[in-house]
Amino acid sequence: MSYTKPLPTPNKEDAPFWQAAREGKFVLPNCPDCGNIWFPPYLYCPRCLSPKRVFKEASGRAEVWGFIEMAQPYVKSFAPELPYIVALVQLEEGPIMFTNLVGIKNDEVKVGLKLQVCFDPVKDDFTLIKFKRRE
Amino acid sequence: MSTKDIARKVAIVGIGSSDYHTLYKNPDPTRTREEMAIDVMRQALDDCGLKRSDIDGLVTGGTSGYEDFGYRSGLTDVRYLADYPVAGRMCASALFSAAMAVHNGVSDYCFLFNSVAFKSLAMKFDMAGQYGGDAASTGPLYNEVYGMASPGALYALAFTRYQAMYGGTEADLGEIAVQIRNHGALNPQAIFQKTHTIEDYLKSRYIAKPLRLLDYCLVNDGCAGYIITSAERAKDLKQKPVYLASFAQRVTLRPQYVDPDFWVEACGVLKKDLFEPAGLTLKDIQSLSVYDNFSLSVLWGLEGFGFAPKGQGLQWLKNGGISLGGKLPTNTSGGMLAEAYLQGWNNIVEITKQLRGTADKRQIKDVKNILYYGLSAVPNGLIFSNEA
Ligand SMILES: [Zn+2]
């Protein structure tokens, strides 16, 4: 069955990020001028406004900052999975991102849970970044 | 000029609001936002004894257009004009900007209103296209890609973090919704006038766990508005003036609008900027009016401003701490959880009633100063006072 949930439409800001994911790499924009690492992949460094960003592979290590168990079908294509977990994770490099967790039961999710990035090829041409328990 | 120069120089002199209860019970989708706003303007004019022709300032929120409103309402000669999106974060900003215009002589009498038809328009608060979002995008942090939607879910997520740091059960949290909603029972204009217990709260369904339906503000139609003028001119009008004692704002824009420190730092800044110019301290505040989009906003402000120790807000507010008769009566009209969701504007109307001494069964004895605050990407606050 085809994937029906919302997907990003990569543009010049984030195309390199999603392309790397397809290749099994989790990359983040780095600033060669001030050393900042940020997410989402804005074109310019939000700290010093440098336009010279470079994508570098990140550690893939993260922790659960907070989470919800969604009970309302706001996003229709997610309705069959209700109630499902959405986590806000803090990357070891600092930035935060929303994600879904792989292989972790709803009642096992807790703040501070240590995670490792994983890749979910939801379509032939699209791979989502997700996280699993770090062993 | 500092905000000290404007302290108590501008006052709310006239108020008006829709009968939220009736509008909710007998919905009339043909009733327009402009019609509701004109009803409110008529009330506010009657309330203070001004004529429409006295109004030379107009602040609109939620209409389909200020030109259309101006034409329909006969406000054709306006010197100060501002139009705001329907957004609670702008409630305090809109009032203060208009107050500056009045203080500086740009407008003598300014009418401000916010009019919404969320219920009739079947507005959804999923953030995709209809509330701060763009239907074509997937949210600032790819939210929708991962099934994240709605402002409430962001608050719920922050509460799991709060619980991990400080503890607090869902029943503890329920105290906020129960105490505020019970104020609605004393307000004939409130949409919900039922009293609740913690058991009722725990039986209400989750929307984004750990938040439940009763933690969420309402979705309704209605309008709230007020007329402001200088403290000098206010003396000649019918009602006891309610002075704007101070205003503060701290913009903290970020891709997800819940502040990772639960607004502690932002509230610290607001506190300094609000209380110093007003010449007041926390002890001078007898009542709080919180932008209660979600129950949690009450908790984080109590701790952020320092009414309650950090991490202990839920314990502090137990046993009726934020109820009428308690330590710090909060949202005495039922707020946006029970009275109506007018993006904070209804709270300002209730503040005015309290400080005039006309809040009937909800009246706080000897109330002198009320603090209003809203926490979002644009944390801001106002202090109102009935002493010149
Ligand atoms: Zn930089």
# chains A, B, ... in the order shown; residues from 1 in each chain; ligands from 1
>>> interface_residues(of="chain A", to="chain B", cutoff="8 Å", atoms="only C-alpha atoms", output="ChimeraX atom specification")
/A:5-8,40,65-72,74-75,78,86-88,97-100,111
>>> residues_near_ligand(ligand="ligand 1", cutoff="9 Å", atoms="only C-alpha atoms and all ligand atoms", output="list in words")
Asn30, Cys31, Pro32, Asp33, Cys34, Gly35, Asn36, Ile37, Tyr44, Cys45, Pro46, Arg47, Cys48, Leu49, Ser50, Pro51, Lys52 and Arg53 of chain A
>>> write_last_selection(atoms="C-alpha atoms", output="PDB file, in the first residue's frame")
ATOM      1  CA  ASN A  30      27.120  23.231  10.314  1.00  0.00           C
ATOM      2  CA  CYS A  31      28.469  26.768  10.178  1.00  0.00           C
ATOM      3  CA  PRO A  32      32.145  27.001   9.183  1.00  0.00           C
ATOM      4  CA  ASP A  33      32.269  30.564  10.505  1.00  0.00           C
ATOM      5  CA  CYS A  34      30.919  30.197  14.032  1.00  0.00           C
ATOM      6  CA  GLY A  35      30.625  26.446  14.572  1.00  0.00           C
ATOM      7  CA  ASN A  36      26.871  26.477  15.064  1.00  0.00           C
ATOM      8  CA  ILE A  37      24.868  23.334  14.293  1.00  0.00           C
ATOM      9  CA  TYR A  44      21.698  30.666   6.627  1.00  0.00           C
ATOM     10  CA  CYS A  45      23.242  30.140  10.042  1.00  0.00           C
ATOM     11  CA  PRO A  46      20.676  31.508  12.519  1.00  0.00           C
ATOM     12  CA  ARG A  47      23.464  32.463  14.928  1.00  0.00           C
ATOM     13  CA  CYS A  48      25.793  34.513  12.683  1.00  0.00           C
ATOM     14  CA  LEU A  49      23.775  34.667   9.423  1.00  0.00           C
ATOM     15  CA  SER A  50      26.654  33.121   7.455  1.00  0.00           C
ATOM     16  CA  PRO A  51      25.530  31.690   4.105  1.00  0.00           C
ATOM     17  CA  LYS A  52      28.337  29.109   4.058  1.00  0.00           C
ATOM     18  CA  ARG A  53      26.583  26.138   5.654  1.00  0.00           C
TER      19      ARG A  53
END
>>> residues_around(residues="Pro10 (chain A)", least_positions_apart="2", cutoff="12 Å", atoms="only C-alpha atoms", output="PyMOL selection string")
(chain A and resi 7-8+12-20+40-42+125-127) or (chain B and resi 137-138+142)
>>> residues_around(residues="Arg362 (chain B)", least_positions_apart="6", cutoff="10 Å", atoms="only C-alpha atoms", output="list in words")
His183, Gly184, Ala185, Leu186, Asn187, Leu324, Gly325, Pro329, Thr332, Ser333, Gly334, Glu350, Lys353 and Gln354 of chain B
>>> atom_distance(atom1="CA of Pro95 (chain A)", atom2="CA of Lys130 (chain A)")
14.9 Å
>>> residues_around(residues="region 69-83 of chain B", least_positions_apart="3", cutoff="7 Å", atoms="only C-alpha atoms", output="mmCIF file with N, CA and C atoms, in the first residue's frame")
data_model
loop_
_atom_site.group_PDB
_atom_site.id
_atom_site.type_symbol
_atom_site.label_atom_id
_atom_site.label_comp_id
_atom_site.auth_asym_id
_atom_site.auth_seq_id
_atom_site.Cartn_x
_atom_site.Cartn_y
_atom_site.Cartn_z
ATOM 1 N N GLU B 34 -19.186 41.303 12.204
ATOM 2 C CA GLU B 34 -19.382 42.754 12.221
ATOM 3 C C GLU B 34 -20.627 43.121 13.029
ATOM 4 N N ILE B 38 -20.740 45.446 16.313
ATOM 5 C CA ILE B 38 -21.537 46.671 16.440
ATOM 6 C C ILE B 38 -22.386 46.604 17.708
ATOM 7 N N ASP B 56 -12.573 58.184 17.864
ATOM 8 C CA ASP B 56 -11.653 58.563 16.789
ATOM 9 C C ASP B 56 -10.462 57.611 16.705
ATOM 10 N N GLY B 57 -10.603 56.475 17.344
ATOM 11 C CA GLY B 57 -9.570 55.440 17.238
ATOM 12 C C GLY B 57 -10.265 54.092 17.115
ATOM 13 N N LEU B 58 -9.722 53.215 16.281
ATOM 14 C CA LEU B 58 -10.366 51.923 16.063
ATOM 15 C C LEU B 58 -9.313 50.823 15.967
ATOM 16 N N VAL B 59 -9.521 49.794 16.779
ATOM 17 C CA VAL B 59 -8.655 48.615 16.714
ATOM 18 C C VAL B 59 -9.548 47.413 16.467
ATOM 19 N N THR B 60 -9.326 46.748 15.353
ATOM 20 C CA THR B 60 -10.178 45.621 14.987
ATOM 21 C C THR B 60 -9.389 44.321 15.087
ATOM 22 N N GLY B 61 -10.084 43.307 15.534
ATOM 23 C CA GLY B 61 -9.505 41.967 15.546
ATOM 24 C C GLY B 61 -10.570 40.996 15.090
ATOM 25 N N GLY B 65 -12.744 42.675 7.697
ATOM 26 C CA GLY B 65 -12.056 43.861 7.176
ATOM 27 C C GLY B 65 -12.484 45.112 7.920
ATOM 28 N N TYR B 66 -11.503 45.953 8.247
ATOM 29 C CA TYR B 66 -11.834 47.158 9.008
ATOM 30 C C TYR B 66 -12.564 48.186 8.152
ATOM 31 N N VAL B 106 -2.938 60.931 19.731
ATOM 32 C CA VAL B 106 -3.342 60.522 18.384
ATOM 33 C C VAL B 106 -4.836 60.220 18.356
ATOM 34 N N SER B 107 -5.332 59.666 19.453
ATOM 35 C CA SER B 107 -6.765 59.375 19.551
ATOM 36 C C SER B 107 -7.253 59.808 20.928
#
>>> closest_residue(among="B:Tyr243, B:Tyr216, B:Tyr166, B:Phe113", to="Gln43 (chain B)", atoms="only C-alpha atoms")
B:Phe113
>>> atom_distance(atom1="CA of Val219 (chain B)", atom2="CA of Val40 (chain B)")
19.4 Å
>>> residues_around(residues="Arg356 (chain B)", least_positions_apart="5", cutoff="12 Å", atoms="only C-alpha atoms", output="list in words")
Ala11, Ile12, Val13, Gly14, Ile15, Lys238, Gln239, Lys240, Pro241, Val242, Tyr243, Val349, Glu350, Ile351, Gln363, Ile364, Lys365, Asp366, Val367, Lys368, Asn369, Ile370, Phe384, Ser385, Asn386 and Glu387 of chain B
>>> select_by_dssp(residues="region 80-309 of chain B", states="helix (DSSP H, G or I)", output="ChimeraX atom specification")
/B:90-103,143-146,151-166,170-184,198-203,213-215,231-234,264-278,282-284,296-305
>>> atom_distance(atom1="CA of Gly301 (chain B)", atom2="CA of Leu342 (chain B)")
19.7 Å
>>> residues_around(residues="region 262-266 of chain B", least_positions_apart="5", cutoff="10 Å", atoms="only C-alpha atoms", output="PyMOL selection string")
chain B and resi 155+158-159+161-162+249-252+271+296-297+299-306+310+375-380
>>> closest_residue(among="A:Phe26, A:Trp38, A:Phe119, A:Tyr3", to="Gly94 (chain A)", atoms="only C-alpha atoms")
A:Trp38
